[in-house]
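*Asks:* Below is the file entry-v4.tsv, which contains TSV, C-alpha atoms.
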```tsv
chain	number	residue	atom	x	y	z
G	737	MET	CA	-44.54	60.78	62.31
G	738	THR	CA	-44.08	62.01	65.90
G	739	ARG	CA	-45.29	65.39	67.07
G	740	MET	CA	-41.71	66.66	67.41
G	741	ALA	CA	-40.84	65.42	63.89
G	742	VAL	CA	-43.80	67.35	62.47
G	743	PHE	CA	-42.66	70.44	64.35
G	744	HIS	CA	-39.09	70.04	63.01
G	745	GLN	CA	-40.40	69.71	59.44
G	746	ALA	CA	-42.38	72.93	59.82
G	747	CYS	CA	-39.26	74.73	60.95
G	748	THR	CA	-37.46	73.87	57.73
G	749	ALA	CA	-40.10	75.61	55.62
G	750	PRO	CA	-39.01	78.59	53.51
G	751	LEU	CA	-40.03	81.16	56.10
G	752	ALA	CA	-37.71	79.58	58.64
G	753	ARG	CA	-34.78	80.18	56.31
G	754	ALA	CA	-35.25	83.94	56.37
G	755	MET	CA	-32.19	84.31	58.62
G	756	HIS	CA	-33.82	86.14	61.56
G	757	PHE	CA	-34.40	83.61	64.33
G	758	ARG	CA	-35.29	83.31	68.00
G	759	THR	CA	-34.67	80.30	70.25
G	760	PHE	CA	-36.74	78.76	73.06
G	761	SER	CA	-37.12	75.39	74.81
G	762	ILE	CA	-40.03	72.96	74.75
G	763	ALA	CA	-40.37	70.57	77.64
G	764	CYS	CA	-41.17	66.98	76.53
G	765	SER	CA	-41.72	63.91	78.68
G	766	SER	CA	-38.13	62.75	78.11
G	767	SER	CA	-36.08	65.97	77.90
G	768	ALA	CA	-36.06	69.64	76.98
G	769	VAL	CA	-35.64	70.26	73.26
G	770	THR	CA	-34.25	73.54	71.93
G	771	VAL	CA	-36.03	74.70	68.79
G	772	THR	CA	-35.15	77.60	66.49
G	773	VAL	CA	-38.03	79.30	64.69
G	774	PRO	CA	-38.29	82.50	62.68
G	775	SER	CA	-38.97	85.71	64.56
G	776	LEU	CA	-42.03	87.10	62.79
G	777	ASN	CA	-41.95	90.48	64.48
G	778	LYS	CA	-38.29	91.15	63.63
G	779	LYS	CA	-37.91	94.54	61.97
G	780	LYS	CA	-36.72	94.29	58.38
G	781	GLU	CA	-33.22	95.77	58.29
G	782	ASP	CA	-30.63	96.24	55.58
G	783	SER	CA	-29.43	92.67	56.23
G	784	GLN	CA	-32.39	91.78	53.97
G	785	VAL	CA	-31.04	93.84	51.08
G	786	LEU	CA	-29.12	91.87	48.47
G	787	LEU	CA	-27.17	94.77	46.98
G	788	GLY	CA	-23.86	95.16	48.78
G	789	MET	CA	-23.51	91.48	49.68
G	790	SER	CA	-20.40	89.61	48.57
G	791	GLU	CA	-20.45	86.46	46.43
G	792	GLN	CA	-19.62	84.40	49.51
G	793	ASP	CA	-22.52	85.96	51.44
G	794	LEU	CA	-24.88	85.29	48.56
G	795	GLN	CA	-23.75	81.67	48.34
G	796	GLN	CA	-24.47	81.27	52.05
G	797	LEU	CA	-27.87	82.88	51.56
G	798	ALA	CA	-28.70	80.37	48.84
G	799	LEU	CA	-27.67	77.51	51.14
G	800	ASP	CA	-29.84	78.95	53.93
G	801	PHE	CA	-32.79	78.69	51.57
G	802	GLY	CA	-31.99	75.08	50.72
G	803	GLN	CA	-30.57	75.92	47.29
G	804	GLN	CA	-27.38	74.72	45.67
G	805	ASN	CA	-24.20	76.78	46.13
G	806	TYR	CA	-24.19	77.91	42.48
G	807	ARG	CA	-27.47	79.77	43.01
G	808	GLY	CA	-25.50	82.28	45.08
G	809	LYS	CA	-23.13	82.79	42.15
G	810	GLN	CA	-26.15	83.39	39.94
G	811	LEU	CA	-27.45	85.96	42.42
G	812	HIS	CA	-24.08	87.72	42.30
G	813	HIS	CA	-24.13	87.78	38.48
G	814	LEU	CA	-27.69	89.11	38.38
G	815	LEU	CA	-26.93	91.89	40.87
G	816	TYR	CA	-23.56	93.12	39.63
G	817	LYS	CA	-23.29	92.06	35.97
G	818	ARG	CA	-26.87	92.09	34.75
G	819	LYS	CA	-27.79	94.79	37.32
G	820	VAL	CA	-31.35	93.48	37.69
G	821	LYS	CA	-33.51	95.66	39.96
G	822	GLU	CA	-36.28	93.32	41.12
G	823	ILE	CA	-36.16	89.78	42.52
G	824	GLN	CA	-39.03	88.65	40.29
G	825	ASP	CA	-36.88	89.58	37.28
G	826	PHE	CA	-34.17	87.11	38.35
G	827	SER	CA	-35.19	84.87	35.43
G	828	HIS	CA	-32.19	82.56	35.94
G	829	LEU	CA	-33.52	81.50	39.34
G	830	PRO	CA	-36.40	79.06	39.96
G	831	LEU	CA	-39.69	80.83	40.63
G	832	PRO	CA	-40.17	79.10	44.03
G	833	PHE	CA	-36.76	80.43	45.17
G	834	ARG	CA	-37.66	83.95	44.03
G	835	ASN	CA	-40.97	83.73	45.87
G	836	GLU	CA	-39.28	82.47	49.02
G	837	LEU	CA	-36.81	85.37	48.97
G	838	GLN	CA	-39.62	87.91	48.68
G	839	GLU	CA	-41.81	86.21	51.29
G	840	ALA	CA	-38.87	86.34	53.70
G	841	GLY	CA	-38.56	90.10	53.17
G	842	TRP	CA	-35.58	90.19	50.83
G	843	LYS	CA	-35.26	92.87	48.15
G	844	VAL	CA	-32.59	94.00	45.69
G	845	GLY	CA	-32.16	97.47	47.20
G	846	ARG	CA	-32.40	99.70	44.13
G	847	SER	CA	-34.17	103.08	44.33
G	848	PRO	CA	-35.89	105.11	41.60
G	849	ILE	CA	-34.41	108.26	40.07
G	850	TYR	CA	-36.56	111.21	41.14
G	851	LYS	CA	-34.96	113.81	38.86
G	852	ALA	CA	-32.06	114.06	36.43
G	853	VAL	CA	-30.47	117.25	35.11
G	854	THR	CA	-27.96	117.30	32.26
G	855	ALA	CA	-25.45	120.12	31.83
G	856	ALA	CA	-24.17	121.35	28.49
G	857	ASP	CA	-20.81	119.66	29.14
G	858	GLY	CA	-22.45	116.24	29.53
G	859	THR	CA	-22.36	116.11	33.32
G	860	ILE	CA	-25.54	114.57	34.74
G	861	LYS	CA	-26.73	115.13	38.30
G	862	LEU	CA	-29.29	112.69	39.70
G	863	LEU	CA	-31.61	112.85	42.66
G	864	VAL	CA	-32.19	109.31	43.91
G	865	LYS	CA	-35.35	108.78	45.94
G	866	LEU	CA	-34.67	106.50	48.90
G	867	GLU	CA	-37.12	104.16	50.60
G	868	ASP	CA	-37.92	106.70	53.34
G	869	ASN	CA	-38.67	109.40	50.70
G	870	ARG	CA	-35.39	111.20	51.28
G	871	LEU	CA	-33.50	112.49	48.26
G	872	VAL	CA	-29.77	112.06	47.77
G	873	GLU	CA	-27.52	113.44	45.04
G	874	THR	CA	-25.09	111.63	42.80
G	875	VAL	CA	-23.24	113.01	39.79
G	876	GLY	CA	-21.86	111.40	36.65
G	877	ILE	CA	-18.91	113.22	35.05
G	878	PRO	CA	-17.76	111.99	31.63
G	879	VAL	CA	-14.32	112.97	30.35
G	880	LYS	CA	-13.08	111.95	26.89
G	881	ASP	CA	-9.34	111.60	26.44
G	882	ASP	CA	-7.25	112.26	23.32
G	883	LYS	CA	-7.74	108.68	22.14
G	884	GLY	CA	-11.53	108.97	22.31
G	885	SER	CA	-12.08	106.68	25.29
G	886	VAL	CA	-14.37	107.96	28.06
G	887	ARG	CA	-13.54	108.08	31.75
G	888	LEU	CA	-16.80	108.15	33.71
G	889	THR	CA	-16.54	109.35	37.30
G	890	ALA	CA	-19.36	108.84	39.80
G	891	CYS	CA	-19.41	111.38	42.62
G	892	VAL	CA	-21.34	109.63	45.40
G	893	SER	CA	-22.93	110.76	48.65
G	894	SER	CA	-22.41	109.04	51.99
G	895	GLN	CA	-25.09	110.83	54.05
G	896	VAL	CA	-28.46	112.48	53.49
G	897	GLY	CA	-27.29	116.03	54.06
G	898	CYS	CA	-24.29	116.80	56.25
G	899	PRO	CA	-23.94	117.81	59.93
G	900	LEU	CA	-20.60	119.67	59.54
G	901	ARG	CA	-22.02	122.75	57.79
G	902	CYS	CA	-18.94	124.09	56.02
G	903	SER	CA	-19.75	127.73	55.30
G	904	PHE	CA	-19.44	127.50	51.50
G	905	CYS	CA	-21.26	124.16	51.04
G	906	ALA	CA	-24.86	123.86	49.83
G	907	THR	CA	-25.24	120.43	51.44
G	908	GLY	CA	-24.75	121.82	54.94
G	909	LYS	CA	-27.36	124.50	54.28
G	910	GLY	CA	-29.86	121.73	53.53
G	911	GLY	CA	-29.54	120.13	56.97
G	912	PHE	CA	-28.71	116.56	57.98
G	913	SER	CA	-31.07	113.57	58.08
G	914	ARG	CA	-29.15	110.31	58.42
G	915	ASN	CA	-26.28	108.10	57.26
G	916	LEU	CA	-26.65	106.14	54.06
G	917	LYS	CA	-26.54	102.35	54.15
G	918	ARG	CA	-24.02	100.49	52.03
G	919	HIS	CA	-26.51	99.56	49.31
G	920	GLU	CA	-27.70	103.18	49.10
G	921	ILE	CA	-24.12	104.18	48.30
G	922	VAL	CA	-23.51	101.36	45.82
G	923	GLU	CA	-26.76	101.97	43.97
G	924	GLN	CA	-25.66	105.51	43.12
G	925	VAL	CA	-22.87	104.07	40.97
G	926	LEU	CA	-25.30	101.68	39.27
G	927	ALA	CA	-27.72	104.56	38.64
G	928	ILE	CA	-24.96	106.54	36.91
G	929	GLU	CA	-24.10	103.52	34.76
G	930	GLU	CA	-27.76	103.10	33.85
G	931	VAL	CA	-28.19	106.73	32.79
G	932	PHE	CA	-24.94	106.91	30.81
G	933	LYS	CA	-25.24	103.35	29.47
G	934	ASN	CA	-21.54	103.08	30.21
G	935	ARG	CA	-19.31	101.60	32.89
G	936	VAL	CA	-18.19	103.81	35.78
G	937	THR	CA	-14.38	103.88	35.88
G	938	ASN	CA	-13.79	106.16	38.88
G	939	VAL	CA	-15.63	106.79	42.14
G	940	VAL	CA	-15.15	109.79	44.43
G	941	PHE	CA	-16.78	110.03	47.85
G	942	MET	CA	-17.18	113.78	47.44
G	943	GLY	CA	-20.95	114.10	47.31
G	944	MET	CA	-23.32	114.93	50.14
G	945	GLY	CA	-22.11	114.11	53.63
G	946	GLU	CA	-18.92	113.39	55.56
G	947	PRO	CA	-17.71	109.83	54.76
G	948	MET	CA	-15.71	109.51	57.99
G	949	LEU	CA	-18.89	109.97	60.04
G	950	ASN	CA	-20.28	106.91	58.26
G	951	MET	CA	-17.07	104.90	57.97
G	952	LYS	CA	-18.56	101.43	58.47
G	953	GLU	CA	-21.04	101.72	55.62
G	954	VAL	CA	-18.55	103.60	53.42
G	955	LEU	CA	-15.93	100.86	53.81
G	956	GLU	CA	-18.50	98.15	53.10
G	957	ALA	CA	-19.62	100.04	50.00
G	958	HIS	CA	-15.95	100.48	49.04
G	959	ARG	CA	-15.44	96.70	49.28
G	960	CYS	CA	-18.47	96.07	47.08
G	961	LEU	CA	-17.43	98.65	44.47
G	962	ASN	CA	-13.96	97.12	44.33
G	963	LYS	CA	-14.64	93.38	44.61
G	964	ASP	CA	-18.13	93.00	43.13
G	965	ILE	CA	-18.46	95.86	40.63
G	966	GLN	CA	-14.71	95.60	39.98
G	967	ILE	CA	-13.62	99.22	40.15
G	968	GLY	CA	-9.93	99.32	41.05
G	969	GLN	CA	-9.09	100.69	44.50
G	970	ARG	CA	-6.78	103.26	42.95
G	971	MET	CA	-9.76	104.57	41.00
G	972	ILE	CA	-11.61	105.37	44.26
G	973	THR	CA	-11.13	108.52	46.34
G	974	ILE	CA	-12.48	109.10	49.86
G	975	SER	CA	-12.76	112.77	50.77
G	976	THR	CA	-13.03	114.12	54.31
G	977	VAL	CA	-13.00	117.52	55.97
G	978	GLY	CA	-11.37	115.80	58.93
G	979	VAL	CA	-12.91	113.88	61.84
G	980	PRO	CA	-10.68	113.14	64.87
G	981	ASN	CA	-9.24	109.60	65.09
G	982	THR	CA	-10.68	108.46	61.75
G	983	ILE	CA	-7.67	109.00	59.47
G	984	ARG	CA	-5.59	106.76	61.70
G	985	LYS	CA	-8.32	104.12	61.60
G	986	LEU	CA	-8.60	104.35	57.82
G	987	ALA	CA	-4.83	103.88	57.51
G	988	SER	CA	-5.10	100.55	59.32
G	989	TYR	CA	-7.09	99.12	56.40
G	990	LYS	CA	-4.17	99.88	54.05
G	991	LEU	CA	-6.43	100.70	51.11
G	992	GLN	CA	-4.87	101.60	47.79
G	993	SER	CA	-7.52	104.29	47.34
G	994	THR	CA	-6.76	108.00	47.61
G	995	LEU	CA	-7.43	109.95	50.79
G	996	ALA	CA	-8.44	113.54	50.04
G	997	ILE	CA	-8.48	116.14	52.82
G	998	SER	CA	-10.74	119.17	52.40
G	999	LEU	CA	-8.31	121.76	53.73
G	1000	HIS	CA	-9.50	125.09	52.25
G	1001	ALA	CA	-7.14	127.25	54.36
G	1002	PRO	CA	-3.40	127.40	55.18
G	1003	ASN	CA	-3.83	128.31	58.87
G	1004	GLN	CA	-6.07	127.40	61.80
G	1005	LYS	CA	-7.76	130.80	62.22
G	1006	LEU	CA	-8.94	131.05	58.63
G	1007	ARG	CA	-9.90	127.37	58.49
G	1008	GLU	CA	-12.19	127.77	61.50
G	1009	LYS	CA	-14.10	130.50	59.65
G	1010	ILE	CA	-14.57	128.32	56.59
G	1011	VAL	CA	-14.88	124.92	58.31
G	1012	PRO	CA	-16.55	125.24	61.75
G	1013	SER	CA	-15.65	121.64	62.70
G	1014	ALA	CA	-11.96	122.60	62.49
G	1015	LYS	CA	-12.21	123.92	66.06
G	1016	SER	CA	-12.35	120.34	67.37
G	1017	TYR	CA	-9.63	119.07	65.03
G	1018	PRO	CA	-6.75	121.61	64.87
G	1019	LEU	CA	-4.74	121.95	61.69
G	1020	ASP	CA	-1.53	120.61	63.26
G	1021	ALA	CA	-3.38	117.49	64.43
G	1022	ILE	CA	-4.88	116.76	61.03
G	1023	MET	CA	-1.53	117.34	59.30
G	1024	LYS	CA	0.20	114.95	61.72
G	1025	ASP	CA	-2.45	112.30	60.98
G	1026	CYS	CA	-1.93	112.84	57.25
G	1027	ARG	CA	1.82	112.39	57.64
G	1028	ASP	CA	1.27	109.19	59.61
G	1029	TYR	CA	-1.20	108.01	56.97
G	1030	PHE	CA	1.45	108.42	54.28
G	1031	LEU	CA	4.05	106.56	56.36
G	1032	GLU	CA	1.57	103.75	57.07
G	1033	THR	CA	0.17	103.29	53.56
G	1034	SER	CA	2.82	104.81	51.22
G	1035	ARG	CA	-0.11	106.56	49.53
G	1036	ARG	CA	0.18	110.31	49.09
G	1037	VAL	CA	-2.60	112.47	50.51
G	1038	SER	CA	-4.48	114.83	48.24
G	1039	PHE	CA	-5.48	118.20	49.71
G	1040	GLU	CA	-8.60	119.85	48.33
G	1041	TYR	CA	-8.58	123.62	48.46
G	1042	THR	CA	-11.72	125.49	47.43
G	1043	LEU	CA	-10.73	128.96	46.22
G	1044	LEU	CA	-13.05	131.67	47.55
G	1045	ALA	CA	-12.60	135.11	46.01
G	1046	GLY	CA	-11.00	137.56	48.45
G	1047	VAL	CA	-11.03	135.02	51.30
G	1048	ASN	CA	-8.32	132.38	50.75
G	1049	ASP	CA	-7.16	132.87	47.15
G	1050	ALA	CA	-4.26	135.36	47.56
G	1051	VAL	CA	-0.70	134.46	46.58
G	1052	GLU	CA	0.24	134.93	50.26
G	1053	HIS	CA	-2.19	132.16	51.12
G	1054	ALA	CA	-0.50	129.92	48.53
G	1055	LYS	CA	2.93	130.62	50.02
G	1056	GLU	CA	1.65	129.83	53.51
G	1057	LEU	CA	0.05	126.61	52.23
G	1058	ALA	CA	3.33	125.52	50.64
G	1059	GLU	CA	5.18	126.11	53.91
G	1060	LEU	CA	2.59	124.09	55.80
G	1061	LEU	CA	2.84	121.13	53.45
G	1062	HIS	CA	6.64	121.11	53.41
G	1063	GLU	CA	6.69	121.27	57.22
G	1064	TRP	CA	4.73	118.03	57.46
G	1065	GLY	CA	6.70	116.04	54.91
G	1066	PRO	CA	6.42	114.54	51.42
G	1067	GLY	CA	3.58	112.77	49.66
G	1068	ASN	CA	1.31	115.77	49.12
G	1069	HIS	CA	-0.81	116.91	46.21
G	1070	VAL	CA	-3.07	120.00	46.08
G	1071	ASN	CA	-6.29	119.98	44.07
G	1072	LEU	CA	-7.52	123.56	43.59
G	1073	ILE	CA	-11.29	123.93	43.23
G	1074	PRO	CA	-12.71	127.27	42.05
G	1075	PHE	CA	-15.87	127.90	44.07
G	1076	ASN	CA	-19.18	126.92	42.45
G	1077	PRO	CA	-21.64	129.77	43.23
G	1078	ILE	CA	-24.71	128.82	45.28
G	1079	GLU	CA	-27.80	130.84	46.06
G	1080	GLY	CA	-27.64	132.79	49.31
G	1081	SER	CA	-23.87	132.39	49.76
G	1082	GLU	CA	-21.67	135.34	50.67
G	1083	TYR	CA	-18.78	133.76	48.75
G	1084	LYS	CA	-17.89	134.46	45.13
G	1085	ARG	CA	-16.04	132.55	42.44
G	1086	PRO	CA	-12.41	133.72	41.98
G	1087	TYR	CA	-11.16	135.25	38.75
G	1088	LYS	CA	-9.20	132.94	36.49
G	1089	LYS	CA	-6.04	135.03	36.92
G	1090	SER	CA	-6.25	134.53	40.70
G	1091	VAL	CA	-6.53	130.76	40.23
G	1092	LEU	CA	-3.51	130.71	37.91
G	1093	ALA	CA	-1.44	132.89	40.23
G	1094	PHE	CA	-2.26	130.66	43.22
G	1095	SER	CA	-1.34	127.55	41.25
G	1096	ALA	CA	1.93	129.08	40.00
G	1097	ALA	CA	2.93	130.08	43.53
G	1098	LEU	CA	2.52	126.48	44.69
G	1099	GLU	CA	4.35	124.99	41.72
G	1100	SER	CA	7.30	127.38	42.16
G	1101	ARG	CA	7.61	125.98	45.68
G	1102	LYS	CA	7.70	122.40	44.42
G	1103	ILE	CA	4.13	121.51	45.39
G	1104	THR	CA	2.32	119.21	42.95
G	1105	VAL	CA	-0.91	120.96	42.01
G	1106	SER	CA	-3.89	120.50	39.72
G	1107	VAL	CA	-6.88	122.73	39.05
G	1108	ARG	CA	-10.20	120.93	38.96
G	1109	GLN	CA	-12.12	121.61	35.80
G	1110	THR	CA	-15.50	123.06	36.72
G	1111	ARG	CA	-18.28	120.82	35.44
G	1112	GLY	CA	-22.07	121.12	35.44
G	1113	LEU	CA	-22.41	124.82	36.33
G	1114	ASP	CA	-25.77	124.88	34.56
G	1115	ALA	CA	-26.95	121.76	36.41
G	1116	SER	CA	-26.78	122.98	40.02
G	1117	ALA	CA	-23.22	121.71	40.19
G	1118	ALA	CA	-22.40	122.61	43.79
G	1119	CYS	CA	-22.75	119.66	46.17
G	1120	GLY	CA	-26.25	119.57	47.68
G	1121	GLN	CA	-27.54	122.39	45.50
G	1122	LEU	CA	-30.00	120.39	43.40
G	1123	ARG	CA	-31.29	118.49	46.42
G	1124	ASN	CA	-31.99	121.77	48.25
G	1125	GLU	CA	-34.15	122.90	45.35
G	1126	PHE	CA	-36.46	119.94	45.90
G	1127	GLN	CA	-36.27	118.84	49.50
G	1128	LYS	CA	-35.41	119.73	53.04
G	1129	ILE	CA	-38.05	117.38	54.49
G	1130	PRO	CA	-39.14	113.90	53.28
G	1131	LEU	CA	-41.32	113.80	50.19
G	1132	LEU	CA	-45.02	113.23	50.68
G	1133	SER	CA	-46.49	109.85	49.88
G	1134	GLY	CA	-49.68	109.03	48.03
G	1135	ALA	CA	-50.89	110.89	44.95
G	1136	GLU	CA	-48.24	113.60	45.20
G	1137	ASP	CA	-45.54	110.96	45.47
G	1138	GLN	CA	-46.90	109.15	42.40
G	1139	GLN	CA	-46.86	112.41	40.48
G	1140	SER	CA	-43.19	112.94	41.39
G	1141	GLN	CA	-42.31	109.60	39.80
G	1142	SER	CA	-43.33	111.02	36.43
G	1143	GLU	CA	-41.25	114.17	36.86
G	1144	ILE	CA	-37.90	112.65	35.91
G	1145	VAL	CA	-36.55	115.40	33.69
G	1146	VAL	CA	-33.40	115.57	31.64
G	1147	ALA	CA	-32.89	119.24	30.80
```
Show how you would write the structure in this file as structure tokens.
*Replies:*
Amino acid sequence: MTRMAVFHQACTAPLARAMHFRTFSIACSSSAVTVTVPSLNKKKEDSQVLLGMSEQDLQQLALDFGQQNYRGKQLHHLLYKRKVKEIQDFSHLPLPFRNELQEAGWKVGRSPIYKAVTAADGTIKLLVKLEDNRLVETVGIPVKDDKGSVRLTACVSSQVGCPLRCSFCATGKGGFSRNLKRHEIVEQVLAIEEVFKNRVTNVVFMGMGEPMLNMKEVLEAHRCLNKDIQIGQRMITISTVGVPNTIRKLASYKLQSTLAISLHAPNQKLREKIVPSAKSYPLDAIMKDCRDYFLETSRRVSFEYTLLAGVNDAVEHAKELAELLHEWGPGNHVNLIPFNPIEGSEYKRPYKKSVLAFSAALESRKITVSVRQTRGLDASAACGQLRNEFQKIPLLSGAEDQQSQSEIVVA
């Protein structure tokens, strides 16, 4: 065997199939030969996380490791049907293949649950501990219908914290750390399914963070939830307080999912007090983008309106909101959300009669309206509230970190 043949054989070893490569040339007596070898100092990125990959991507990964195409289908089944957490537990795969995946730096991408709190109404809020010791919230909300079947909604986060700092939101008070990667979004849904031992039927991007500031990862997670975990697009809602130029971009994807706008005020002046980021995205601009979104997708926009006692919950505010929505055209729905009290907030929860009067004023003006049922009040229900009780900086590692693993509590 020639020296170059030996070198070529070495390059087809498992490590060389790890998908991160660098190229250089070797000068031989006859000609220059280009050789591709693995880059050993390449930083391990989320491209080495299996969760979030499509079946086609997993099939290609299997081929890259010298396996048959069907091994990729097995990987897909193990990740999304069996929901296996560790590569070494992929019992359907040959042990050498499992070892090669791990040696090349691949991992499933599932994180442990740091804490779980159960409310009296069955709502469960989880703190998921990420690889960098950050904590992120996700909430499972079960609702039983008249026929006894359960709709399980997963409220997922898209960022660790949030940079927009809406005045009534606990997440903003906890600061902002970073965007979540696609697998860190997807795994929240799987964590809810694991805790409830039931399939998630609905997903709402209404947890920690602003999804439109992390659109790439959110859309990739959306694809995975729809195609791989098989949650219908119409069962998924993406909520945003409004980021310039992003609604138009989202419309171009023509998703069948619901776009929800966190409005919270019927005029620009009041909205700026409640939502500081509204200064850079005026109300008229966001309403125009919503109208264009409806024309582009034929999907009505849902407007979220958090009712704050004595601030934006008067009947006059409802009348002004109705006028605003009618001015910008059809395809609107208002979801009223009575404020969930949080520690240190100047805002208060409105009286029930105020909520009913606000709702009636909208309905009398032909605005479709619903009032969100408050869930999990005794489980730190407000977005970001539970996380703030436990973390504003990364958790410590070592003995203290090991102790935290045993503190998974269901109250």
*Asks:* Have a look at atom CA of Thr937 of chain G and atom CA of Ile823 of chain G and let me know their distance in Å, one decimal.
*Replies:*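 Pair atom CA of Thr937 of chain G / atom CA of Ile823 of chain G returns 26.8 Å.
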*Asks:* Return the single residue from G:Tyr816, G:Phe904, G:Phe1030, G:Phe941 that is closest to Val954 of chain G, with distances computed using all atoms listed in the file.
*Replies:* G:Phe941
*Asks:* Excluding same-chain residues fewer than 5 positions from Tyr1083 of chain G, what lies within 10 Å of it counting all atoms listed in the file, as a PyMOL selection string?
*Replies:* chain G and resi 903-904+1043-1047+1075-1078
*Asks:* At a cut-off of 10 Å, using only C-alpha atoms, what residues contact segment 884-889 of chain G? Leave out same-chain residues fewer than 5 positions from it and give the result as a PyMOL selection string.
*Replies:* chain G and resi 859+875-879+925+928-929+932+934-940+971-972
*Asks:* For Leu995 of chain G, which residue among G:Ala1058, G:Cys1026, G:Ile1103, G:Val979 is the nearest when counting only C-alpha atoms?
*Replies:* G:Cys1026
*Asks:* Please compute the atom CA of Lys952 of chain G-atom CA of Gln966 of chain G distance, one decimal, in Å.
*Replies:*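 Answer for the atom CA of Lys952 of chain G to atom CA of Gln966 of chain G separation: 19.8 Å.
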*Asks:* Using all atoms listed in the file for the distances, tell me which of G:Asn981, G:Ser913, G:Gln969, G:Ser1034 is nearest to Ser1016 of chain G.
*Replies:*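 That would be G:Asn981, the residue with the smallest distance to Ser1016 of chain G.
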*Asks:* For a test of reading the model, state the distance in Å between atom CA of Lys1055 of chain G and atom CA of Leu999 of chain G, rounded to one decimal.
*Replies:*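 These atoms are spaced 14.8 Å apart.
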*Asks:* Which residue out of G:Gln838, G:Ser1081, G:Thr1042, G:Asn1068 has the minimum interatomic distance to Val1107 of chain G when only C-alpha atoms are used?
*Replies:*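 Ranked by minimum distance to Val1107 of chain G, first place goes to G:Thr1042.
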*Asks:* Of the candidates G:Ile983, G:Leu1098, G:Val1011, G:Ile967, which shows the shortest atom-to-atom distance to Gly908 of chain G, using all atoms listed in the file?
*Replies:*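 Closest to Gly908 of chain G, using all atoms listed in the file: G:Val1011.
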*Asks:* Would you mind telling me which residue in G:Val931, G:Leu1006, G:Val864, G:Val1091 lies nearest to Pro1074 of chain G when using all atoms listed in the file?
*Replies:* G:Val1091
*Asks:* Contacts of segment 1017-1021 of chain G at 9 Å or less, counting all atoms listed in the file, minus same-chain residues fewer than 3 places along, as a ChimeraX atom specification?
*Replies:* /G:978-980,999,1002-1004,1007-1008,1013-1014,1024-1026,1064
*Asks:* I need the residues from that last selection saved to file as an mmCIF file, keeping the file's coordinate frame (with C-alpha atoms), if you can.
*Replies:*
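Here's the written file result13.cif:
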```cif
data_model
loop_
_atom_site.group_PDB
_atom_site.id
_atom_site.type_symbol
_atom_site.label_atom_id
_atom_site.label_comp_id
_atom_site.auth_asym_id
_atom_site.auth_seq_id
_atom_site.Cartn_x
_atom_site.Cartn_y
_atom_site.Cartn_z
ATOM 1 C CA GLY G 978 -11.370 115.800 58.930
ATOM 2 C CA VAL G 979 -12.910 113.880 61.840
ATOM 3 C CA PRO G 980 -10.680 113.140 64.870
ATOM 4 C CA LEU G 999 -8.310 121.760 53.730
ATOM 5 C CA PRO G 1002 -3.400 127.400 55.180
ATOM 6 C CA ASN G 1003 -3.830 128.310 58.870
ATOM 7 C CA GLN G 1004 -6.070 127.400 61.800
ATOM 8 C CA ARG G 1007 -9.900 127.370 58.490
ATOM 9 C CA GLU G 1008 -12.190 127.770 61.500
ATOM 10 C CA SER G 1013 -15.650 121.640 62.700
ATOM 11 C CA ALA G 1014 -11.960 122.600 62.490
ATOM 12 C CA LYS G 1024 0.200 114.950 61.720
ATOM 13 C CA ASP G 1025 -2.450 112.300 60.980
ATOM 14 C CA CYS G 1026 -1.930 112.840 57.250
ATOM 15 C CA TRP G 1064 4.730 118.030 57.460
#
```
*Asks:* Write out as a PyMOL selection string which residues come within 9 Å of Pro848 of chain G when counting all atoms listed in the file, dropping same-chain ones fewer than 4 positions away.
*Replies:* chain G and resi 863-866+927+1141
*Asks:* So for segment 903-909 of chain G, what box centre and size do we get, axis-aligned, 3 Å extra on each of the six sides, every listed atom, Å to one decimal, as JSON?
*Replies:*
```
{"center_x": -23.4, "center_y": 124.1, "center_z": 52.6, "size_x": 13.9, "size_y": 13.3, "size_z": 11.5}
```
